[in-house]
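So the structure is just underneath, and the comments pick up after that.
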Amino acid sequence: MVRWFKPVVLLFLVTPAVVAGMPEDIAQLRRPAADPAVNRAAWDRLVAAGPVALMPILRAWPADDPVAIHWLRTAFDRIAAQHSAQLPVDDLLTFVKDQKSPGQARRVALAALEQARPGTTAQLLANWLNDPEFGPDAVAERVAAAEAATDPQQSRDILRTAFAATTDPQLAFRIAQKLRAWDETLDPLRHLGIIRHWQVVGPFPVTLEEGLQQTFPPETKLDFASPYEGKNGPMKWKAVAVNPADGRLDLIPHGVNPDDGAVAFAAATVLLTHAKKAEVRASAVDNITLWVNGKKLVERASEYRSMYRPDRYRCPLELPAGPSTILVKLTKTRPEEVRGKPGAAPKWDFQIRLIDETGRGLTFDQPEMKK
Amino acid sequence: MRNVLLILLPWAIAADWPQWRGPNADGTTAETGFPTRWDGRQGTNIRWKVALPGAGNSSPVIRGDDVVVTASSGRDHAELHILCFDRRSGKQKWRTNLTATPADAPFSMFPPERGHAACTPVITQTAVYALFGTGDLACVDRDGQPIWFRSLTQDYGIIRNDYGIAASPIVVDDRVIVQIDHLEGSYLLAVEAATGKTLWKTARPEIFDNWATPVVADVAGQKQIISLGTKTIIGYDLATGKPRWRVEGLERLCSCTPIVHGPKLYAVSGPAGATLALDLAQQPTPKVLWQSKKNGPFIPSAIVVGDLYFMTDDQGTATCLALKSGQEVWRERLHNGRMRPSPVAADGLIYFTALDGTTTILRAAAEFEEVAKNPLGEDVAASPALAGGHLFLRGDKHLWCIGR
């Protein structure tokens, strides 16, 4: 296409009819048709409508349809790029500051604002430590600022505020470690809602396949006084705690050796003062099944190994006031043949944490456990 | 009789590098006259260098005046980017941003950061096809405007691959083929290139995390998609997606793209596996012609030039095998550093790039001969592309065009 032709086409297309049809075009992209040509036609008209379409696009942001989001977002970006001098800056700013607006849409709007008014993001992030969408970005900025600060006291102060705001486990542990250099003892486990005290038992002397297929006594009745038959004699529940450095509980240092069987259990009790809506986040090497108050919420059961990935399994739940029982079944896959250099020492670890609706660690207590 | 042919994509011409592993999907180009000396630190023989807005291991693709690459950025790498640069100047021509479908956090253990942009896009005469680790599959036109979108996560469930998916999409006969190998239900998918509509989806049971890109071969008059994964090579019918044959013998993790060379297929897997040579003409199940010693790569794909097969392991030791027999011709240390990018070849030379950005150029010959060793001054995990007399490298932070 000849270069001068595109603006001419755009001017030609920005007609009252195009603007009047904008709501229908946005609705079309909000629920994309099976025929992408229909969506593209709506997209073209919407882009031709120009800056007047920007705020309606943001306000129509779909909650959970990634394809619809792609259509609307690309239309928004295209308009913003073509009309960078005519952006509704004040409206965008109001939208971005409204924490009730969809987070993804706020992010797209902020990117456009940053193009129009460089420095906006840094300005806003300074006050967004607890923002539901941008809080983690603000924390990351603070940590970077603390690392760059030459004044140790300033660095320490920044890190303290960053720790209080962070919802990211890796960042929380990183900040806590940095502050430890000043003898500050923070508790990332409590901050992140990590369940720290557990009773563990195992391994049950079964193969991986048997472990995946069979039901074991703790799954039907949780009795911490009950011994079970292990490869080397009776096995008893024992009280253990997670590693405070990373919030993970590795069973192997506690004598639960996968060479003696493929299945182990861990159980914990949490106490809440009030009933709460929450989310449980589970991470484990290999297989994990998770029950909360007898209800199975997570199950990964495969003969194939998998790595530990933080917060990999997520499930919403409602916890009652008083005690709740968390039961974890871990099934270990076979060790991998290692060629060449020996691999890292095997781990059989997991982490469970409870968070509230804002992503912060849930506040709960755990009863004392007998060693 | 040669009843198996590599499919030469009809839209690929000599001066383009339109997809992962180039115009022939094997890392080679028929073009000649590529640079052999440069120094990125000094700016020697660097035509242009542009900063990238995000991370990724995806490699650049080139067609006509366009160089396209993908990236991801931001919190959880949830900002996805398809970027197009002018081949001559490096000036950005367009950029399409997408908001990622929520996904498993990207793998972040080993630098350089890769985010969700590990799959190399495909560029055709009319469109760019890009797949991200979040399962977002996008088709945009050559101006970056949308043609269609899919969210494979929304359609088929969350993708859980411990290192993130990296198999690149391929375009064959007006369909886009996507291989999603992961821990919770691997599949091979064919969608209509024009609309994104699913044509078939074939489950890959007992196949888990893999990263090798599938290849296409014409087997006895029928096109097959050949896919590596979890100890296995499988041939699928392109028209229907039905598995036609299966050969065991690979290692557990398949990262390396196999090579279709005449009627033969060469496949290697990791960590440190053997290369298998298959005669695809032997149907219904191809015959294993030879199997090499177990000293192959984990990540970099191998390359065939003439009657020789070249590869490096991940620690920088290169091996040359006789294509006919699998016998070792030579084995030499190339570089003291890790190798991630896959080698490319042109004009009788092979370019092996290491993770630290150093490219060692070898003569593609039965005797080991190092032609040059060129530093870049930036980590490189993506593979080079050769087009129009230039070598394109995607570094950790920049896209580079090497040559005058």
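Residues in the structure tokens are named by chain (A, B, ... in the order shown) and by number from 1 within that chain; ligands are numbered from 1 in the order shown.
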
Subject >> Selection: 6 Å around Ala267 in chain B, only C-alpha atoms, excl. self and same-chain fewer than 5 positions, as a PyMOL selection string >> reply: chain B and resi 258+275-276

Deliver the residues from the most recent selection as a file, using N, CA, C and O atoms, as an mmCIF file, in the first residue's frame.
```cif
data_model
loop_
_atom_site.group_PDB
_atom_site.id
_atom_site.type_symbol
_atom_site.label_atom_id
_atom_site.label_comp_id
_atom_site.auth_asym_id
_atom_site.auth_seq_id
_atom_site.Cartn_x
_atom_site.Cartn_y
_atom_site.Cartn_z
ATOM 1 N N PRO B 258 14.560 -33.368 14.827
ATOM 2 C CA PRO B 258 15.157 -34.377 13.944
ATOM 3 C C PRO B 258 15.387 -33.807 12.542
ATOM 4 O O PRO B 258 14.871 -32.744 12.196
ATOM 5 N N THR B 275 22.295 -41.116 18.527
ATOM 6 C CA THR B 275 21.553 -40.732 17.325
ATOM 7 C C THR B 275 21.021 -41.989 16.672
ATOM 8 O O THR B 275 21.728 -42.994 16.567
ATOM 9 N N LEU B 276 19.760 -41.935 16.246
ATOM 10 C CA LEU B 276 19.158 -43.045 15.507
ATOM 11 C C LEU B 276 18.966 -42.608 14.063
ATOM 12 O O LEU B 276 18.444 -41.514 13.809
#
```

Original post:
Any idea which chain A residues end up within 6 Å of chain B if we count only C-alpha atoms, as a list of chain:residue names please?
Top reply: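 Contact residues on the first chain: A:Pro36, A:Pro66, A:Val67, A:His70.
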
Next, dump the selected residues to file, keeping only N, CA, C and O atoms, as a compact mmCIF listing (two decimals), in the first residue's frame.
```txt
# COMPACT_ATOMS: atom_id res chain seq x y z
N PRO A 36 -13.13 -15.95 12.20
CA PRO A 36 -12.29 -14.82 12.56
C PRO A 36 -12.45 -13.62 11.63
O PRO A 36 -12.12 -12.49 12.01
N PRO A 66 -9.39 -15.30 27.14
CA PRO A 66 -8.11 -14.81 26.61
C PRO A 66 -8.19 -14.40 25.14
O PRO A 66 -7.52 -13.44 24.74
N VAL A 67 -9.01 -15.10 24.37
CA VAL A 67 -9.09 -14.75 22.93
C VAL A 67 -9.76 -13.38 22.76
O VAL A 67 -9.30 -12.54 21.99
N HIS A 70 -7.31 -10.77 23.58
CA HIS A 70 -6.35 -10.52 22.50
C HIS A 70 -6.94 -9.57 21.45
O HIS A 70 -6.27 -8.65 20.98
```

**OP:** Write out as an MDAnalysis selection string each polymer residue whose atoms come within 7 Å of range 46-55 of chain B, counting only C-alpha atoms; drop sequence neighbours fewer than 4 positions from it.
**Re:** chainID B and resid 38 40 71:73 89:90 113:115 396:404

**OP:** Compile the contact shell of Cys254 in chain B as JSON, numbers by chain: residues with an atom at most 8 Å away, counting only C-alpha atoms, same-chain residues fewer than 3 positions apart removed.
**Re:** {"B": [210, 211, 212, 228, 229, 230, 231, 250, 251, 268, 269, 270, 298]}

**OP:** With a distance cut-off of 12 Å and only C-alpha atoms, select the neighbouring residues of Asn130 in chain A, excluding the residue or stretch itself and same-chain residues fewer than 3 positions from it, and output the selection as a PyMOL selection string.
**Re:** chain A and resi 99+124-127+133-139+161-167+358-360

What does the file look like for those residues with all heavy atoms, as a compact mmCIF listing (two decimals), in the first residue's frame?
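The result, stored in selection.txt:
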```
# COMPACT_ATOMS: atom_id res chain seq x y z
N GLN A 99 -8.64 0.86 41.49
CA GLN A 99 -8.24 -0.52 41.78
C GLN A 99 -9.35 -1.52 41.50
O GLN A 99 -9.11 -2.73 41.50
CB GLN A 99 -7.79 -0.63 43.24
CG GLN A 99 -6.55 0.20 43.52
CD GLN A 99 -5.99 -0.06 44.91
OE1 GLN A 99 -6.52 -0.83 45.69
NE2 GLN A 99 -4.88 0.61 45.21
N LEU A 124 3.46 6.39 39.78
CA LEU A 124 2.33 5.66 40.37
C LEU A 124 2.81 4.49 41.23
O LEU A 124 2.25 4.23 42.29
CB LEU A 124 1.40 5.17 39.26
CG LEU A 124 0.64 6.27 38.52
CD1 LEU A 124 -0.11 5.69 37.33
CD2 LEU A 124 -0.34 6.98 39.45
N LEU A 125 3.84 3.81 40.76
CA LEU A 125 4.33 2.65 41.51
C LEU A 125 4.77 3.03 42.92
O LEU A 125 4.67 2.22 43.85
CB LEU A 125 5.49 1.98 40.77
CG LEU A 125 5.16 1.04 39.61
CD1 LEU A 125 6.43 0.43 39.04
CD2 LEU A 125 4.20 -0.06 40.02
N ALA A 126 5.23 4.24 43.07
CA ALA A 126 5.71 4.68 44.38
C ALA A 126 4.63 4.56 45.45
O ALA A 126 4.93 4.39 46.63
CB ALA A 126 6.22 6.11 44.29
N ASN A 127 3.37 4.64 45.03
CA ASN A 127 2.27 4.56 46.01
C ASN A 127 1.42 3.30 45.83
O ASN A 127 0.29 3.25 46.32
CB ASN A 127 1.37 5.80 45.86
CG ASN A 127 2.12 7.06 46.19
OD1 ASN A 127 2.75 7.16 47.24
ND2 ASN A 127 2.11 8.01 45.27
N GLU A 133 -3.09 -5.18 41.56
CA GLU A 133 -2.45 -5.54 40.28
C GLU A 133 -0.97 -5.17 40.27
O GLU A 133 -0.11 -5.96 39.86
CB GLU A 133 -3.17 -4.83 39.12
CG GLU A 133 -2.51 -5.02 37.75
CD GLU A 133 -2.56 -6.47 37.26
OE1 GLU A 133 -3.42 -7.22 37.74
OE2 GLU A 133 -1.71 -6.84 36.42
N PHE A 134 -0.66 -3.98 40.72
CA PHE A 134 0.70 -3.48 40.56
C PHE A 134 1.56 -3.62 41.81
O PHE A 134 2.73 -3.24 41.79
CB PHE A 134 0.67 -2.01 40.12
CG PHE A 134 0.07 -1.82 38.75
CD1 PHE A 134 -1.23 -1.37 38.59
CD2 PHE A 134 0.82 -2.12 37.62
CE1 PHE A 134 -1.78 -1.21 37.33
CE2 PHE A 134 0.27 -1.96 36.35
CZ PHE A 134 -1.03 -1.51 36.21
N GLY A 135 0.98 -4.16 42.89
CA GLY A 135 1.74 -4.32 44.13
C GLY A 135 3.06 -5.06 43.91
O GLY A 135 4.13 -4.58 44.31
N PRO A 136 3.04 -6.22 43.23
CA PRO A 136 4.30 -6.94 43.02
C PRO A 136 5.31 -6.14 42.21
O PRO A 136 6.52 -6.22 42.46
CB PRO A 136 3.86 -8.20 42.26
CG PRO A 136 2.44 -8.40 42.68
CD PRO A 136 1.87 -7.02 42.84
N ASP A 137 4.84 -5.34 41.25
CA ASP A 137 5.76 -4.49 40.47
C ASP A 137 6.39 -3.45 41.40
O ASP A 137 7.58 -3.15 41.30
CB ASP A 137 5.01 -3.77 39.35
CG ASP A 137 4.30 -4.72 38.41
OD1 ASP A 137 3.34 -5.38 38.86
OD2 ASP A 137 4.70 -4.85 37.26
N ALA A 138 5.54 -2.88 42.28
CA ALA A 138 6.04 -1.84 43.19
C ALA A 138 7.06 -2.43 44.15
O ALA A 138 8.09 -1.79 44.43
CB ALA A 138 4.87 -1.22 43.95
N VAL A 139 6.79 -3.65 44.61
CA VAL A 139 7.76 -4.30 45.51
C VAL A 139 9.07 -4.55 44.78
O VAL A 139 10.16 -4.28 45.32
CB VAL A 139 7.17 -5.63 46.04
CG1 VAL A 139 8.24 -6.43 46.77
CG2 VAL A 139 6.00 -5.37 46.97
N THR A 161 9.72 -2.13 54.17
CA THR A 161 8.40 -1.84 53.58
C THR A 161 8.10 -2.81 52.44
O THR A 161 6.95 -3.22 52.24
CB THR A 161 8.33 -0.39 53.04
OG1 THR A 161 9.44 -0.16 52.20
CG2 THR A 161 8.33 0.60 54.16
N ALA A 162 9.14 -3.18 51.69
CA ALA A 162 8.93 -4.13 50.59
C ALA A 162 8.49 -5.48 51.13
O ALA A 162 7.59 -6.12 50.58
CB ALA A 162 10.21 -4.27 49.78
N PHE A 163 9.10 -5.91 52.22
CA PHE A 163 8.74 -7.21 52.80
C PHE A 163 7.28 -7.19 53.26
O PHE A 163 6.53 -8.14 53.01
CB PHE A 163 9.65 -7.55 53.99
CG PHE A 163 9.32 -8.88 54.60
CD1 PHE A 163 9.83 -10.05 54.05
CD2 PHE A 163 8.50 -8.98 55.72
CE1 PHE A 163 9.51 -11.29 54.60
CE2 PHE A 163 8.18 -10.21 56.27
CZ PHE A 163 8.70 -11.37 55.72
N ALA A 164 6.89 -6.11 53.90
CA ALA A 164 5.52 -6.03 54.41
C ALA A 164 4.50 -6.12 53.28
O ALA A 164 3.40 -6.63 53.48
CB ALA A 164 5.34 -4.72 55.18
N ALA A 165 4.88 -5.67 52.12
CA ALA A 165 3.91 -5.62 51.01
C ALA A 165 3.96 -6.85 50.11
O ALA A 165 2.99 -7.15 49.42
CB ALA A 165 4.18 -4.38 50.16
N THR A 166 5.06 -7.57 50.09
CA THR A 166 5.21 -8.60 49.05
C THR A 166 4.29 -9.79 49.27
O THR A 166 4.04 -10.21 50.41
CB THR A 166 6.68 -9.07 48.92
OG1 THR A 166 6.76 -9.89 47.75
CG2 THR A 166 7.14 -9.90 50.11
N THR A 167 3.81 -10.32 48.16
CA THR A 167 3.03 -11.56 48.19
C THR A 167 3.79 -12.67 47.46
O THR A 167 3.28 -13.76 47.31
CB THR A 167 1.67 -11.36 47.49
OG1 THR A 167 1.90 -10.87 46.17
CG2 THR A 167 0.80 -10.37 48.25
N THR A 358 -6.66 -11.53 48.79
CA THR A 358 -5.78 -10.51 48.22
C THR A 358 -4.41 -11.08 47.85
O THR A 358 -3.54 -10.35 47.38
CB THR A 358 -5.56 -9.35 49.21
OG1 THR A 358 -4.76 -9.83 50.30
CG2 THR A 358 -6.86 -8.79 49.73
N GLY A 359 -4.23 -12.37 48.09
CA GLY A 359 -2.93 -12.99 47.77
C GLY A 359 -1.96 -12.97 48.94
O GLY A 359 -0.83 -13.45 48.82
N ARG A 360 -2.40 -12.42 50.08
CA ARG A 360 -1.50 -12.38 51.25
C ARG A 360 -1.66 -13.65 52.06
O ARG A 360 -2.70 -14.30 52.04
CB ARG A 360 -1.83 -11.16 52.11
CG ARG A 360 -1.61 -9.90 51.37
CD ARG A 360 -1.92 -8.65 52.13
NE ARG A 360 -1.81 -7.53 51.21
CZ ARG A 360 -0.67 -7.08 50.70
NH1 ARG A 360 0.48 -7.63 51.05
NH2 ARG A 360 -0.64 -6.10 49.83
```

**OP:** Go ahead and compute the interatomic distance for CA of Ala284 in chain A and CA of Leu330 in chain A, in Å to one decimal.
**Re:** 8.1 Å

Original post:
Between A:Thr325, A:Asn293, A:Thr273, A:Gln351, which is the closest to Pro310 in chain A once you count only C-alpha atoms?
Top reply: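 Of the candidates, the smallest distance to Pro310 in chain A is held by A:Gln351.
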
**OP:** Select, from B:Leu278, B:Pro284, B:Val260, B:Pro300, the residue with the minimum atom-to-atom distance to Trp245 in chain B, counting only C-alpha atoms.
**Re:** B:Pro284

**OP:** Tell me which protein, DNA and RNA residues are within 9 Å of range 244-250 of chain A, counting only C-alpha atoms, leaving out same-chain ones fewer than 3 positions away, and put them as a count of residues only.
**Re:** 24

Could you pull out the helix (DSSP H, G or I) residues of range 75-301 of chain B from DSSP and send them as a compact mmCIF listing (two decimals) with N, CA and C atoms, in the first residue's frame?
```
# COMPACT_ATOMS: atom_id res chain seq x y z
N ARG B 75 5.56 -8.70 34.80
CA ARG B 75 5.31 -9.60 35.92
C ARG B 75 4.82 -10.95 35.41
N ASP B 76 5.43 -12.01 35.84
CA ASP B 76 5.13 -13.38 35.39
C ASP B 76 5.27 -13.54 33.88
N HIS B 77 5.96 -12.62 33.25
CA HIS B 77 6.11 -12.64 31.79
C HIS B 77 4.75 -12.70 31.09
N LEU B 152 -4.77 -22.16 23.72
CA LEU B 152 -4.78 -23.62 23.88
C LEU B 152 -5.00 -23.99 25.34
N THR B 153 -4.59 -23.10 26.24
CA THR B 153 -4.84 -23.34 27.66
C THR B 153 -6.33 -23.30 27.94
N GLN B 154 -7.01 -22.31 27.38
CA GLN B 154 -8.45 -22.23 27.59
C GLN B 154 -9.17 -23.42 26.95
N ASP B 155 -8.70 -23.82 25.77
CA ASP B 155 -9.39 -24.88 25.03
C ASP B 155 -9.07 -26.28 25.56
N TYR B 156 -7.82 -26.49 25.97
CA TYR B 156 -7.41 -27.88 26.27
C TYR B 156 -6.76 -28.05 27.65
```

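For the atom pair formed by CA of Val329 in chain B and CA of Pro263 in chain B, the distance is 22.3 Å, given to one decimal.
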
**OP:** Identify all residues of range 149-363 of chain A in strand (DSSP E or B) (DSSP on the backbone) and supply them as a ChimeraX atom specification.
**Re:** /A:194,197-204,228-230,233-235,238-241,249-250,263-272,276-284,287-292,295-300,313-319,322-331,349-355,361
